[in-house]
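Novice: Just so it is clear, I am handing over target01.txt, which has compact mmCIF, C-alpha atoms.
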```txt
# COMPACT_ATOMS: atom_id res chain seq x y z
CA MET A 1 0.00 0.00 0.00
CA CYS A 2 2.01 3.02 1.19
CA HIS A 3 5.01 1.37 2.90
CA LYS A 4 8.14 0.70 0.87
CA LYS A 5 9.82 -1.13 3.76
CA LEU A 6 8.67 -1.14 7.36
CA LYS A 7 9.50 -3.27 10.38
CA ILE A 8 7.59 -2.91 13.64
CA GLU A 9 8.66 -4.44 16.95
CA LEU A 10 5.58 -5.04 19.09
CA CYS A 11 5.60 -5.55 22.84
CA ASN A 12 3.88 -8.44 24.63
CA ASN A 13 0.99 -6.32 25.91
CA VAL A 14 -1.02 -3.45 24.39
CA ASN A 15 0.39 -1.58 21.38
CA PHE A 16 -0.79 1.80 20.06
CA ILE A 17 0.01 2.83 16.48
CA HIS A 18 -0.82 6.47 15.72
CA GLY A 19 -0.29 8.89 12.88
CA GLN A 20 -1.98 11.25 10.45
CA ASN A 21 -4.47 10.15 7.82
CA GLY A 22 -2.74 8.36 4.96
CA SER A 23 0.38 7.60 6.99
CA GLY A 24 -0.18 3.83 6.76
CA LYS A 25 -1.86 2.76 9.98
CA SER A 26 -4.53 0.73 8.19
CA ALA A 27 -1.86 -0.75 5.93
CA ILE A 28 -0.22 -2.34 8.97
CA LEU A 29 -3.53 -3.86 10.06
CA ALA A 30 -4.20 -5.06 6.51
CA ALA A 31 -0.73 -6.65 6.39
CA LEU A 32 -1.45 -8.56 9.59
CA GLN A 33 -4.77 -9.78 8.21
CA ILE A 34 -3.35 -10.80 4.82
CA CYS A 35 -0.37 -12.59 6.30
CA LEU A 36 -2.59 -14.50 8.72
CA GLY A 37 -4.92 -15.88 6.08
CA ALA A 38 -7.56 -13.22 5.40
CA GLY A 39 -8.69 -12.36 1.88
CA ALA A 40 -8.19 -8.98 0.23
CA ASN A 41 -11.91 -8.12 0.47
CA ARG A 42 -11.82 -8.56 4.24
CA THR A 43 -9.39 -5.64 4.58
CA HIS A 44 -11.82 -3.28 2.77
CA ARG A 45 -8.76 -1.85 1.03
CA ALA A 46 -8.64 -3.84 -2.21
CA ARG A 47 -10.59 -6.34 -4.29
CA ASN A 48 -7.62 -8.62 -4.87
CA LEU A 49 -4.17 -9.10 -3.42
CA ARG A 50 -2.31 -7.43 -6.32
CA ASP A 51 -4.06 -4.14 -5.58
CA LEU A 52 -2.34 -4.13 -2.18
CA VAL A 53 1.16 -4.06 -3.72
CA ARG A 54 2.76 -0.62 -3.61
CA LYS A 55 3.01 0.69 -7.17
CA GLU A 56 6.39 2.36 -7.44
CA GLY A 57 9.14 2.08 -10.04
CA SER A 58 9.98 -1.52 -10.95
CA ALA A 59 8.29 -3.16 -7.97
CA THR A 60 7.26 -6.72 -8.80
CA HIS A 61 5.93 -8.03 -5.52
CA ALA A 62 5.23 -7.38 -1.86
CA ARG A 63 6.38 -9.45 1.08
CA VAL A 64 4.76 -9.56 4.49
CA ARG A 65 6.17 -11.42 7.46
CA VAL A 66 4.60 -11.75 10.91
CA THR A 67 6.43 -13.24 13.89
CA LEU A 68 4.35 -14.89 16.62
CA LEU A 69 5.47 -15.85 20.11
CA ASN A 70 5.15 -19.62 20.43
CA LYS A 71 5.26 -20.33 24.18
CA GLY A 72 2.93 -21.54 26.86
CA PRO A 73 -0.01 -23.98 26.70
CA ASP A 74 -1.17 -22.58 23.34
CA ALA A 75 2.18 -23.19 21.63
CA PHE A 76 1.88 -24.78 18.20
CA GLN A 77 4.19 -27.76 17.56
CA HIS A 78 6.89 -26.28 19.76
CA ASP A 79 9.22 -29.19 19.05
CA VAL A 80 9.09 -28.27 15.34
CA TYR A 81 9.08 -24.45 15.36
CA GLY A 82 10.58 -23.45 18.71
CA ASP A 83 9.73 -20.29 20.68
CA LEU A 84 8.97 -18.20 17.57
CA ILE A 85 7.03 -18.85 14.39
CA HIS A 86 7.62 -16.66 11.33
CA ILE A 87 4.75 -16.53 8.82
CA GLU A 88 5.55 -15.11 5.41
CA ARG A 89 3.37 -14.32 2.41
CA ASN A 90 4.53 -13.07 -0.99
CA ILE A 91 2.19 -11.27 -3.40
CA PHE A 92 3.38 -11.02 -7.02
CA LEU A 93 2.04 -8.55 -9.56
CA ARG A 94 2.41 -11.13 -12.33
CA GLY A 95 1.96 -14.87 -12.20
CA SER A 96 0.66 -16.88 -9.29
CA ASN A 97 1.10 -15.73 -5.72
CA GLY A 98 3.76 -17.35 -3.59
CA GLY A 99 1.38 -18.64 -0.94
CA TYR A 100 2.29 -19.05 2.71
CA LYS A 101 5.54 -20.14 4.35
CA LEU A 102 5.97 -21.08 8.00
CA TYR A 103 9.52 -20.72 9.33
CA ALA A 104 11.07 -22.05 12.52
CA GLU A 105 12.58 -19.88 15.25
CA ASP A 106 15.75 -19.14 13.26
CA GLY A 107 13.67 -17.48 10.53
CA LYS A 108 15.45 -19.44 7.78
CA THR A 109 14.22 -23.03 8.03
CA CYS A 110 10.88 -23.36 6.23
CA LYS A 111 8.78 -26.03 7.92
CA SER A 112 5.58 -25.80 5.89
CA GLU A 113 4.03 -24.15 2.82
CA LYS A 114 0.50 -25.43 3.39
CA LYS A 115 -2.37 -23.13 4.27
CA LYS A 116 -4.00 -25.87 6.33
CA ASP A 117 -0.98 -25.79 8.68
CA LEU A 118 -1.44 -22.03 9.03
CA GLN A 119 -5.12 -22.61 9.82
CA LEU A 120 -4.19 -25.19 12.46
CA LEU A 121 -1.78 -22.65 13.96
CA LEU A 122 -4.46 -19.94 14.08
CA ASP A 123 -6.97 -22.33 15.64
CA GLN A 124 -4.41 -23.42 18.23
CA MET A 125 -3.63 -19.80 19.20
CA ASN A 126 -7.27 -18.64 18.79
CA ILE A 127 -6.34 -15.93 16.27
CA GLN A 128 -9.42 -14.83 14.28
CA VAL A 129 -8.41 -12.18 11.75
CA GLU A 130 -11.82 -12.26 10.04
CA ASN A 131 -13.79 -11.84 13.26
CA PRO A 132 -14.92 -8.17 13.59
CA VAL A 133 -14.56 -8.36 17.36
CA ALA A 134 -10.89 -9.30 16.98
CA VAL A 135 -10.17 -6.95 14.05
CA LEU A 136 -12.55 -4.01 13.85
CA ASP A 137 -11.63 -1.79 10.90
CA GLN A 138 -13.33 1.45 9.92
CA GLU A 139 -15.86 -0.12 7.56
CA GLU A 140 -16.97 -2.72 10.10
CA ALA A 141 -17.21 -0.03 12.79
CA LYS A 142 -19.45 2.10 10.55
CA LYS A 143 -21.75 -0.87 9.92
CA PHE A 144 -22.00 -1.55 13.62
CA LEU A 145 -22.66 2.05 14.62
CA THR A 146 -24.93 3.24 11.81
CA GLY A 147 -26.06 0.03 10.18
CA LYS A 148 -29.50 -1.50 10.16
CA ALA A 149 -30.66 -4.27 12.45
CA GLU A 150 -29.79 -6.81 9.76
CA ASP A 151 -26.22 -5.48 9.62
CA LYS A 152 -25.86 -5.71 13.39
CA TYR A 153 -27.20 -9.25 13.34
CA ALA A 154 -24.66 -10.14 10.63
CA PHE A 155 -21.99 -8.55 12.86
CA PHE A 156 -23.21 -10.71 15.75
CA LEU A 157 -23.00 -13.85 13.61
CA LYS A 158 -19.42 -13.05 12.63
CA ALA A 159 -18.39 -12.10 16.16
CA THR A 160 -19.70 -15.31 17.69
CA ASP A 161 -18.40 -17.49 14.81
CA LEU A 162 -21.98 -18.64 14.19
CA GLU A 163 -21.62 -17.58 10.56
CA LYS A 164 -18.60 -19.87 10.20
CA LEU A 165 -20.38 -22.73 11.95
CA ASP A 166 -23.45 -22.27 9.75
CA ARG A 167 -21.25 -22.35 6.64
CA LYS A 168 -19.49 -25.47 7.85
CA TYR A 169 -22.84 -27.09 8.66
CA SER A 170 -24.18 -26.26 5.19
CA GLU A 171 -21.04 -27.67 3.57
CA ALA A 172 -21.30 -30.84 5.65
CA LYS A 173 -25.00 -31.19 4.84
CA GLU A 174 -24.32 -30.77 1.14
CA LYS A 175 -21.54 -33.31 1.38
CA VAL A 176 -23.92 -35.78 3.05
CA PHE A 177 -26.43 -35.31 0.21
CA GLU A 178 -23.67 -35.92 -2.34
CA LEU A 179 -22.54 -39.07 -0.53
CA GLU A 180 -26.12 -40.36 -0.27
CA ASP A 181 -26.62 -39.75 -3.98
CA ALA A 182 -23.34 -41.49 -4.78
CA LEU A 183 -24.34 -44.37 -2.48
CA GLY A 184 -27.66 -44.79 -4.30
CA LYS A 185 -25.90 -44.86 -7.67
CA MET A 186 -23.40 -47.41 -6.40
CA ARG A 187 -26.19 -49.61 -5.06
CA ASN A 188 -27.93 -49.49 -8.45
CA GLN A 189 -24.67 -50.46 -10.12
CA LEU A 190 -23.99 -53.23 -7.61
CA GLN A 191 -27.43 -54.87 -7.89
CA PRO A 192 -26.80 -56.44 -11.35
CA LEU A 193 -23.40 -57.59 -10.12
CA ALA A 194 -24.99 -59.12 -7.03
CA ASP A 195 -27.57 -60.92 -9.17
CA ASN A 196 -24.86 -62.20 -11.48
CA ALA A 197 -22.78 -63.33 -8.49
CA LYS A 198 -25.81 -65.24 -7.13
CA LYS A 199 -26.35 -66.86 -10.52
CA LEU A 200 -22.70 -67.87 -10.78
CA HIS A 201 -22.80 -69.24 -7.23
CA ASN A 202 -25.78 -71.43 -8.13
CA GLU A 203 -23.97 -72.66 -11.24
CA TRP A 204 -20.90 -73.39 -9.16
CA GLU A 205 -22.98 -75.46 -6.76
CA GLU A 206 -24.42 -77.40 -9.71
CA PHE A 207 -20.91 -78.02 -11.03
CA GLN A 208 -19.89 -79.22 -7.58
CA LYS A 209 -22.78 -81.70 -7.60
CA LEU A 210 -21.86 -82.80 -11.12
CA GLU A 211 -18.24 -83.30 -10.09
CA GLN A 212 -19.37 -85.45 -7.16
CA LEU A 213 -21.54 -87.53 -9.52
CA GLU A 214 -18.61 -87.96 -11.90
CA MET A 215 -16.45 -89.15 -9.00
CA LYS A 216 -19.16 -91.64 -8.00
CA ILE A 217 -19.39 -92.88 -11.61
CA ALA A 218 -15.64 -93.33 -11.77
CA THR A 219 -15.63 -95.20 -8.45
CA ASN A 220 -18.52 -97.43 -9.54
CA ASN A 221 -16.76 -98.16 -12.85
CA VAL A 222 -13.71 -99.35 -10.94
CA LYS A 223 -15.85 -101.46 -8.63
CA TYR A 224 -17.69 -102.89 -11.63
CA ALA A 225 -14.41 -103.74 -13.36
CA TRP A 226 -13.06 -105.46 -10.30
CA SER A 227 -16.29 -107.37 -9.76
CA PHE A 228 -16.25 -108.50 -13.39
CA TYR A 229 -12.62 -109.47 -13.03
CA THR A 230 -13.41 -111.47 -9.90
CA LYS A 231 -16.31 -113.22 -11.65
CA CYS A 232 -14.19 -114.08 -14.70
CA LYS A 233 -11.35 -115.26 -12.52
CA ASN A 234 -13.64 -117.57 -10.58
CA GLU A 235 -15.07 -118.97 -13.80
CA LEU A 236 -11.57 -119.47 -15.21
CA ASP A 237 -10.48 -121.18 -12.06
CA GLU A 238 -13.41 -123.57 -12.30
CA GLU A 239 -12.77 -124.27 -15.97
CA LEU A 240 -9.09 -124.72 -15.26
CA LYS A 241 -9.89 -127.35 -12.66
CA VAL A 242 -12.12 -129.14 -15.16
CA SER A 243 -9.44 -128.88 -17.82
CA VAL A 244 -6.83 -130.33 -15.51
CA HIS A 245 -9.15 -133.19 -14.75
CA HIS A 246 -9.66 -133.79 -18.49
CA CYS A 247 -5.89 -133.67 -18.98
CA GLU A 248 -5.59 -136.69 -16.84
CA THR A 249 -7.92 -138.60 -19.15
CA SER A 250 -7.32 -136.97 -22.54
CA ASP A 251 -4.32 -136.01 -24.71
CA SER A 252 -5.74 -132.61 -25.93
CA ILE A 253 -7.71 -129.72 -24.37
CA SER A 254 -9.65 -126.87 -26.01
CA PHE A 255 -8.89 -123.48 -24.48
CA ASN A 256 -10.98 -121.28 -26.81
CA ASN A 257 -13.57 -120.28 -24.24
CA TRP A 258 -10.89 -119.67 -21.63
CA SER A 259 -8.93 -117.39 -24.00
CA ASP A 260 -12.02 -115.31 -24.84
CA LYS A 261 -12.69 -114.61 -21.19
CA LEU A 262 -9.09 -113.74 -20.53
CA LEU A 263 -9.19 -111.28 -23.44
CA THR A 264 -12.33 -109.68 -21.94
CA VAL A 265 -10.56 -109.13 -18.62
CA CYS A 266 -7.55 -107.64 -20.39
CA LEU A 267 -9.82 -105.14 -22.15
CA PHE A 268 -10.99 -103.89 -18.76
CA PHE A 269 -7.42 -103.68 -17.49
CA PRO A 270 -5.15 -102.79 -20.39
```
What would you get if you wrote out this structure as structure tokens?
Specialist:
Amino acid sequence: MCHKKLKIELCNNVNFIHGQNGSGKSAILAALQICLGAGANRTHRARNLRDLVRKEGSATHARVRVTLLNKGPDAFQHDVYGDLIHIERNIFLRGSNGGYKLYAEDGKTCKSEKKKDLQLLLDQMNIQVENPVAVLDQEEAKKFLTGKAEDKYAFFLKATDLEKLDRKYSEAKEKVFELEDALGKMRNQLQPLADNAKKLHNEWEEFQKLEQLEMKIATNNVKYAWSFYTKCKNELDEELKVSVHHCETSDSISFNNWSDKLLTVCLFFP
């Protein structure tokens, strides 16, 4: 905005920043808001971040860095960042913005470039840069003092975070509707698959029964073959006894019938 380069050391308690109109008091507040996650519209000083960059000479970007004390019960990941956390945001006139960077106590080691980590930090330290009770700029003050009842109610919703909760609730409700719709579609897609799976399961059971029948047939064939073999063997034994008896009384024996039966048994057991 109006500062080419400015560094302010704040004390641990109450700080007063004073000066004439146009000296850059609001710019300091806007820098705090922007660096800690607020949008350009929330500062009531610009519509987008690029409009906040000081237009002078060959300036290409603006850099804002805020250092937070990171001690006590509200400390955020103290083992990672240490006693101080440096938050930096770069705003470029051309191209994409540089986003957020969270540095450790030494101010040089970047530990994160994710906005969600910044949001976790702000939640941990209860810093609400978009809450008009925490940051009351001139525009918000005018709305509160001279605004209508609806404006004051909107102020109340922001101050108590009910507006944020309502937005989160609406987003969650919409997400539930989307999931229910997706679930219904998935069920419709799964039903034909379930029917097909049931059909295949029934066919598999039929194949199992068929396989059992085939095993029984094979077993019975073996039993039948052995029973036939036993029968033929007994008949051959009887005929052999008769043949031996005839051998004692005759010079020649006919073995035609015996050979036929032996061939039959060999066909069963090749």
Novice: For A:Leu29, please output as a ChimeraX atom specification all residues within 9 Å (counting only C-alpha atoms; exclusion window: fewer than 6 positions along the same chain).
Specialist: /A:43,135,137
Novice: So how far away is atom CA of A:Ser23 from atom CA of A:Leu52, in Å?
Specialist: 15.1 Å
Novice: Point out the residue among A:Gln191, A:Gly147, A:Asn131, A:Ile87 with the least atom-to-atom distance to A:Leu162, counting only C-alpha atoms.
Specialist: A:Asn131
Novice: If we count only C-alpha atoms, what is near A:Leu10 at a cut-off of 12 Å, once residues fewer than 6 positions away on the same chain are taken out, given as a ChimeraX atom specification?
Specialist: /A:16-17,28,66-69
Novice: In Å, how far is it from atom CA of A:Phe76 to atom CA of A:Leu122?
Specialist: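 Separating atom CA of A:Phe76 from atom CA of A:Leu122 is a distance of 9.0 Å.
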Novice: Between atom CA of A:Asn13 and atom CA of A:Glu163, measure the distance and give it in Å to one decimal.
Specialist: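 These two atoms are separated by 29.6 Å.
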Novice: Within 12 Å of stretch 90-96 of chain A, counting only C-alpha atoms, which residues show up once you throw out same-chain ones fewer than 2 positions away? Write them as a PyMOL selection string, please.
Specialist: chain A and resi 1+31+34-35+40+48-56+58-66+87-88+98-101+113
Novice: As lines of an AutoDock Vina configuration file, please: the centre and edge lengths in Å, to one decimal, of an axis-aligned box enclosing every listed atom of stretch 230-241 of chain A with 3 Å added on each side.
Specialist:
```
center_x = -12.7
center_y = -119.4
center_z = -12.9
size_x = 13.2
size_y = 21.9
size_z = 12.1
```
Novice: When you get a chance, write out N, CA and C atoms for stretch 33-67 of chain A, as a PDB file, keeping the file's coordinate frame.
Specialist:
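And here is the file that came out, selection.pdb:
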```pdb
ATOM      1  N   GLN A  33      -3.647  -8.946   8.650  1.00  0.00           N
ATOM      2  CA  GLN A  33      -4.770  -9.780   8.210  1.00  0.00           C
ATOM      3  C   GLN A  33      -4.376 -10.664   7.023  1.00  0.00           C
ATOM      4  N   ILE A  34      -3.733 -10.066   6.023  1.00  0.00           N
ATOM      5  CA  ILE A  34      -3.350 -10.800   4.820  1.00  0.00           C
ATOM      6  C   ILE A  34      -2.365 -11.916   5.143  1.00  0.00           C
ATOM      7  N   CYS A  35      -1.393 -11.592   5.977  1.00  0.00           N
ATOM      8  CA  CYS A  35      -0.370 -12.590   6.300  1.00  0.00           C
ATOM      9  C   CYS A  35      -0.934 -13.735   7.120  1.00  0.00           C
ATOM     10  N   LEU A  36      -1.997 -13.466   7.867  1.00  0.00           N
ATOM     11  CA  LEU A  36      -2.590 -14.500   8.720  1.00  0.00           C
ATOM     12  C   LEU A  36      -3.836 -15.116   8.100  1.00  0.00           C
ATOM     13  N   GLY A  37      -3.927 -15.065   6.765  1.00  0.00           N
ATOM     14  CA  GLY A  37      -4.920 -15.880   6.080  1.00  0.00           C
ATOM     15  C   GLY A  37      -6.163 -15.185   5.586  1.00  0.00           C
ATOM     16  N   ALA A  38      -6.344 -13.903   5.847  1.00  0.00           N
ATOM     17  CA  ALA A  38      -7.560 -13.220   5.400  1.00  0.00           C
ATOM     18  C   ALA A  38      -7.483 -12.899   3.913  1.00  0.00           C
ATOM     19  N   GLY A  39      -8.646 -12.736   3.282  1.00  0.00           N
ATOM     20  CA  GLY A  39      -8.690 -12.360   1.880  1.00  0.00           C
ATOM     21  C   GLY A  39      -8.593 -10.860   1.725  1.00  0.00           C
ATOM     22  N   ALA A  40      -8.347 -10.413   0.491  1.00  0.00           N
ATOM     23  CA  ALA A  40      -8.190  -8.980   0.230  1.00  0.00           C
ATOM     24  C   ALA A  40      -9.478  -8.224   0.534  1.00  0.00           C
ATOM     25  N   ASN A  41     -10.633  -8.810   0.229  1.00  0.00           N
ATOM     26  CA  ASN A  41     -11.910  -8.120   0.470  1.00  0.00           C
ATOM     27  C   ASN A  41     -12.133  -7.836   1.950  1.00  0.00           C
ATOM     28  N   ARG A  42     -11.609  -8.718   2.785  1.00  0.00           N
ATOM     29  CA  ARG A  42     -11.820  -8.560   4.240  1.00  0.00           C
ATOM     30  C   ARG A  42     -11.135  -7.316   4.773  1.00  0.00           C
ATOM     31  N   THR A  43     -10.090  -6.838   4.119  1.00  0.00           N
ATOM     32  CA  THR A  43      -9.390  -5.640   4.580  1.00  0.00           C
ATOM     33  C   THR A  43     -10.123  -4.356   4.218  1.00  0.00           C
ATOM     34  N   HIS A  44     -11.086  -4.448   3.272  1.00  0.00           N
ATOM     35  CA  HIS A  44     -11.820  -3.280   2.770  1.00  0.00           C
ATOM     36  C   HIS A  44     -10.878  -2.253   2.147  1.00  0.00           C
ATOM     37  N   ARG A  45      -9.731  -2.742   1.650  1.00  0.00           N
ATOM     38  CA  ARG A  45      -8.760  -1.850   1.030  1.00  0.00           C
ATOM     39  C   ARG A  45      -8.489  -2.219  -0.429  1.00  0.00           C
ATOM     40  N   ALA A  46      -8.906  -3.393  -0.841  1.00  0.00           N
ATOM     41  CA  ALA A  46      -8.640  -3.840  -2.210  1.00  0.00           C
ATOM     42  C   ALA A  46      -9.566  -4.993  -2.535  1.00  0.00           C
ATOM     43  N   ARG A  47      -9.764  -5.216  -3.841  1.00  0.00           N
ATOM     44  CA  ARG A  47     -10.590  -6.340  -4.290  1.00  0.00           C
ATOM     45  C   ARG A  47      -9.774  -7.615  -4.451  1.00  0.00           C
ATOM     46  N   ASN A  48      -8.487  -7.456  -4.753  1.00  0.00           N
ATOM     47  CA  ASN A  48      -7.620  -8.620  -4.870  1.00  0.00           C
ATOM     48  C   ASN A  48      -6.255  -8.284  -4.286  1.00  0.00           C
ATOM     49  N   LEU A  49      -5.444  -9.291  -4.094  1.00  0.00           N
ATOM     50  CA  LEU A  49      -4.170  -9.100  -3.420  1.00  0.00           C
ATOM     51  C   LEU A  49      -3.223  -8.187  -4.186  1.00  0.00           C
ATOM     52  N   ARG A  50      -3.246  -8.240  -5.517  1.00  0.00           N
ATOM     53  CA  ARG A  50      -2.310  -7.430  -6.320  1.00  0.00           C
ATOM     54  C   ARG A  50      -2.539  -5.933  -6.116  1.00  0.00           C
ATOM     55  N   ASP A  51      -3.776  -5.565  -5.807  1.00  0.00           N
ATOM     56  CA  ASP A  51      -4.060  -4.140  -5.580  1.00  0.00           C
ATOM     57  C   ASP A  51      -3.427  -3.625  -4.289  1.00  0.00           C
ATOM     58  N   LEU A  52      -2.980  -4.545  -3.432  1.00  0.00           N
ATOM     59  CA  LEU A  52      -2.340  -4.130  -2.180  1.00  0.00           C
ATOM     60  C   LEU A  52      -0.848  -3.853  -2.352  1.00  0.00           C
ATOM     61  N   VAL A  53      -0.279  -4.263  -3.487  1.00  0.00           N
ATOM     62  CA  VAL A  53       1.160  -4.060  -3.720  1.00  0.00           C
ATOM     63  C   VAL A  53       1.416  -2.596  -4.039  1.00  0.00           C
ATOM     64  N   ARG A  54       2.416  -2.034  -3.406  1.00  0.00           N
ATOM     65  CA  ARG A  54       2.760  -0.620  -3.610  1.00  0.00           C
ATOM     66  C   ARG A  54       3.287  -0.423  -5.034  1.00  0.00           C
ATOM     67  N   LYS A  55       2.632   0.449  -5.777  1.00  0.00           N
ATOM     68  CA  LYS A  55       3.010   0.690  -7.170  1.00  0.00           C
ATOM     69  C   LYS A  55       4.068   1.786  -7.219  1.00  0.00           C
ATOM     70  N   GLU A  56       5.304   1.380  -7.366  1.00  0.00           N
ATOM     71  CA  GLU A  56       6.390   2.360  -7.440  1.00  0.00           C
ATOM     72  C   GLU A  56       7.551   1.771  -8.227  1.00  0.00           C
ATOM     73  N   GLY A  57       7.977   2.493  -9.270  1.00  0.00           N
ATOM     74  CA  GLY A  57       9.140   2.080 -10.040  1.00  0.00           C
ATOM     75  C   GLY A  57       8.970   0.690 -10.621  1.00  0.00           C
ATOM     76  N   SER A  58       9.962  -0.168 -10.388  1.00  0.00           N
ATOM     77  CA  SER A  58       9.980  -1.520 -10.950  1.00  0.00           C
ATOM     78  C   SER A  58       9.563  -2.577  -9.935  1.00  0.00           C
ATOM     79  N   ALA A  59       8.739  -2.192  -8.981  1.00  0.00           N
ATOM     80  CA  ALA A  59       8.290  -3.160  -7.970  1.00  0.00           C
ATOM     81  C   ALA A  59       7.544  -4.313  -8.623  1.00  0.00           C
ATOM     82  N   THR A  60       7.879  -5.519  -8.218  1.00  0.00           N
ATOM     83  CA  THR A  60       7.260  -6.720  -8.800  1.00  0.00           C
ATOM     84  C   THR A  60       6.426  -7.496  -7.793  1.00  0.00           C
ATOM     85  N   HIS A  61       6.685  -7.263  -6.513  1.00  0.00           N
ATOM     86  CA  HIS A  61       5.930  -8.030  -5.520  1.00  0.00           C
ATOM     87  C   HIS A  61       6.009  -7.334  -4.166  1.00  0.00           C
ATOM     88  N   ALA A  62       5.193  -7.840  -3.249  1.00  0.00           N
ATOM     89  CA  ALA A  62       5.230  -7.380  -1.860  1.00  0.00           C
ATOM     90  C   ALA A  62       5.419  -8.596  -0.961  1.00  0.00           C
ATOM     91  N   ARG A  63       6.140  -8.371   0.129  1.00  0.00           N
ATOM     92  CA  ARG A  63       6.380  -9.450   1.080  1.00  0.00           C
ATOM     93  C   ARG A  63       5.977  -8.989   2.472  1.00  0.00           C
ATOM     94  N   VAL A  64       5.202  -9.840   3.124  1.00  0.00           N
ATOM     95  CA  VAL A  64       4.760  -9.560   4.490  1.00  0.00           C
ATOM     96  C   VAL A  64       5.183 -10.709   5.381  1.00  0.00           C
ATOM     97  N   ARG A  65       5.768 -10.380   6.521  1.00  0.00           N
ATOM     98  CA  ARG A  65       6.170 -11.420   7.460  1.00  0.00           C
ATOM     99  C   ARG A  65       5.726 -11.015   8.867  1.00  0.00           C
ATOM    100  N   VAL A  66       5.077 -11.951   9.543  1.00  0.00           N
ATOM    101  CA  VAL A  66       4.600 -11.750  10.910  1.00  0.00           C
ATOM    102  C   VAL A  66       5.254 -12.794  11.802  1.00  0.00           C
ATOM    103  N   THR A  67       5.789 -12.339  12.937  1.00  0.00           N
ATOM    104  CA  THR A  67       6.430 -13.240  13.890  1.00  0.00           C
ATOM    105  C   THR A  67       5.544 -13.370  15.122  1.00  0.00           C
TER     106      THR A  67
END
```
